[in-house]
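Engineer: If you scroll down you'll find the structure; I have some questions about it.
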Amino acid sequence: MSQRRTLPKRDAARAWRRRGDTALRVVAAIPGGYAVASLWAMALARVLPFGAAQATFAATIVAFAICAFTAMWAFAARSGWRALWTIVLAGIVAAGITAVSIHAWGRV
């Protein structure tokens, strides 16, 4: 029979902290990356100097790159919390650009 090895309390706490950090990074990468990419697509579609269809297409293409970069950043950041807050901040900036452009130029 194999014996189950138990970790000391300190090692168990460290393992749970690492699991929590990884879960936070996954949440920041997948739904956070999708949300930030969507917000930046909206913002870029409003401010790019093309026609409506061309600006929307260009913004969507750029949003794919933003989504990939956001997912990579979530796992490259120093901590899960830093990744989450920088991704949230990027989304707030994009939402602000969209809101200001709607307020300035109206809905087009």
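By order of appearance in the structure tokens: chains A, B, ..., then residues from 1 within every chain, and ligands from 1 in the order shown.
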Neighbours of Thr60 in chain A within 10 Å (only C-alpha atoms; same-chain residues fewer than 5 positions away dropped), as a PyMOL selection string?
Structural biologist: chain A and resi 37-38+40-42+44-45+54-55+65-66
Engineer: Mind dumping the selected residues with N, CA, C and O atoms as an mmCIF file, in the first residue's frame?
Structural biologist:
```cif
data_model
loop_
_atom_site.group_PDB
_atom_site.id
_atom_site.type_symbol
_atom_site.label_atom_id
_atom_site.label_comp_id
_atom_site.auth_asym_id
_atom_site.auth_seq_id
_atom_site.Cartn_x
_atom_site.Cartn_y
_atom_site.Cartn_z
ATOM 1 N N ALA A 37 -10.432 43.061 -25.524
ATOM 2 C CA ALA A 37 -10.383 43.090 -26.983
ATOM 3 C C ALA A 37 -11.670 43.666 -27.563
ATOM 4 O O ALA A 37 -11.632 44.459 -28.511
ATOM 5 N N SER A 38 -12.800 43.318 -26.994
ATOM 6 C CA SER A 38 -14.075 43.857 -27.471
ATOM 7 C C SER A 38 -14.164 45.360 -27.237
ATOM 8 O O SER A 38 -14.614 46.113 -28.112
ATOM 9 N N TRP A 40 -11.654 47.488 -26.936
ATOM 10 C CA TRP A 40 -10.738 48.175 -27.840
ATOM 11 C C TRP A 40 -11.244 48.136 -29.279
ATOM 12 O O TRP A 40 -11.005 49.089 -30.041
ATOM 13 N N ALA A 41 -11.930 47.086 -29.672
ATOM 14 C CA ALA A 41 -12.517 47.064 -31.018
ATOM 15 C C ALA A 41 -13.556 48.165 -31.163
ATOM 16 O O ALA A 41 -13.604 48.860 -32.188
ATOM 17 N N MET A 42 -14.371 48.349 -30.119
ATOM 18 C CA MET A 42 -15.365 49.436 -30.161
ATOM 19 C C MET A 42 -14.682 50.791 -30.233
ATOM 20 O O MET A 42 -15.070 51.663 -31.020
ATOM 21 N N LEU A 44 -11.565 51.601 -31.203
ATOM 22 C CA LEU A 44 -10.841 51.828 -32.451
ATOM 23 C C LEU A 44 -11.787 52.032 -33.633
ATOM 24 O O LEU A 44 -11.497 52.839 -34.525
ATOM 25 N N ALA A 45 -12.893 51.322 -33.656
ATOM 26 C CA ALA A 45 -13.857 51.498 -34.737
ATOM 27 C C ALA A 45 -14.422 52.915 -34.746
ATOM 28 O O ALA A 45 -14.776 53.452 -35.793
ATOM 29 N N GLN A 54 -14.733 49.869 -43.136
ATOM 30 C CA GLN A 54 -13.291 49.649 -43.087
ATOM 31 C C GLN A 54 -12.753 49.817 -41.664
ATOM 32 O O GLN A 54 -11.876 49.068 -41.224
ATOM 33 N N ALA A 55 -13.261 50.810 -40.934
ATOM 34 C CA ALA A 55 -12.818 51.024 -39.556
ATOM 35 C C ALA A 55 -13.212 49.855 -38.673
ATOM 36 O O ALA A 55 -12.432 49.414 -37.817
ATOM 37 N N ALA A 65 -5.314 40.652 -32.146
ATOM 38 C CA ALA A 65 -3.957 40.776 -31.603
ATOM 39 C C ALA A 65 -3.998 41.206 -30.141
ATOM 40 O O ALA A 65 -3.207 40.723 -29.318
ATOM 41 N N ILE A 66 -4.900 42.103 -29.789
ATOM 42 C CA ILE A 66 -5.031 42.555 -28.401
ATOM 43 C C ILE A 66 -5.451 41.395 -27.505
ATOM 44 O O ILE A 66 -4.943 41.244 -26.388
#
```
Engineer: Nearest to Gly20 in chain A among A:Phe64, A:Trp73, A:Trp81, A:Phe50, with distances taken over only C-alpha atoms: which residue is it?
Structural biologist: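 Under the stated criterion, the closest residue is A:Trp81.
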Engineer: Can you work out the spacing between CA of Ala15 in chain A and CA of Phe69 in chain A in Å, to one decimal?
Structural biologist: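 Spanning CA of Ala15 in chain A to CA of Phe69 in chain A is a straight-line distance of 27.5 Å.
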Engineer: If we count only C-alpha atoms, what is near Ala23 in chain A at a cut-off of 12 Å, once residues fewer than 3 positions away on the same chain are taken out, given as an NGL selection string?
Structural biologist: :A and (16-20 or 26-30 or 74-75 or 79-81 or 83-84)
Engineer: Save out the residues we just selected, C-alpha atoms, as a CSV table (one decimal), in the first residue's frame.
Structural biologist:
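Produced file again.csv, reproduced below:
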```csv
chain,number,residue,atom,x,y,z
A,16,TRP,CA,-3.1,26.8,-2.4
A,17,ARG,CA,-1.7,30.3,-3.0
A,18,ARG,CA,-0.1,29.2,-6.2
A,19,ARG,CA,-3.3,27.5,-7.4
A,20,GLY,CA,-5.3,30.7,-6.6
A,26,VAL,CA,-6.8,32.2,-16.2
A,27,VAL,CA,-9.8,34.5,-15.3
A,28,ALA,CA,-7.7,37.5,-16.4
A,29,ALA,CA,-6.6,35.8,-19.6
A,30,ILE,CA,-9.8,34.3,-21.0
A,74,ALA,CA,-1.8,37.5,-17.9
A,75,PHE,CA,0.8,34.7,-17.6
A,79,SER,CA,1.5,38.3,-10.1
A,80,GLY,CA,-2.1,37.3,-10.9
A,81,TRP,CA,-3.4,40.5,-9.2
A,83,ALA,CA,-2.2,41.0,-14.5
A,84,LEU,CA,-5.9,41.4,-13.5
```
Engineer: Quick one: of A:Ala12, A:Ala77, A:Ala90, A:Leu48, who's nearest to Gly33 in chain A, counting only C-alpha atoms?
Structural biologist: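 The answer is A:Ala90, which sits nearest to Gly33 in chain A.
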Engineer: Can you pull out every residue from chain A that DSSP, working from the backbone, puts in helix (DSSP H, G or I), and format the result as number ranges by chain?
Structural biologist: A: 9-47, 52-76, 80-105
Engineer: Under the rule that only C-alpha atoms are counted, which of A:Trp85, A:Ala43, A:Ala71, A:Asp21 is the nearest residue to Val100 in chain A?
Structural biologist: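 Using only C-alpha atoms, the shortest distance to Val100 in chain A belongs to A:Ala43.
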Engineer: Counting only C-alpha atoms, what is within 12 Å of Leu39 in chain A, bar same-chain residues fewer than 4 positions away, as a list in words?
Structural biologist: Gly32, Gly33, Tyr34, Ala35, Ala43, Leu44, Ala45, Arg46, Ala59, Thr60, Val62, Ala63, Phe64, Ile66, Cys67, Ile87, Val88, Leu89, Ala90, Gly91, Ile92, Val93, Ala94, Ala95, Gly96, Ile97, Thr98 and Ala99 of chain A
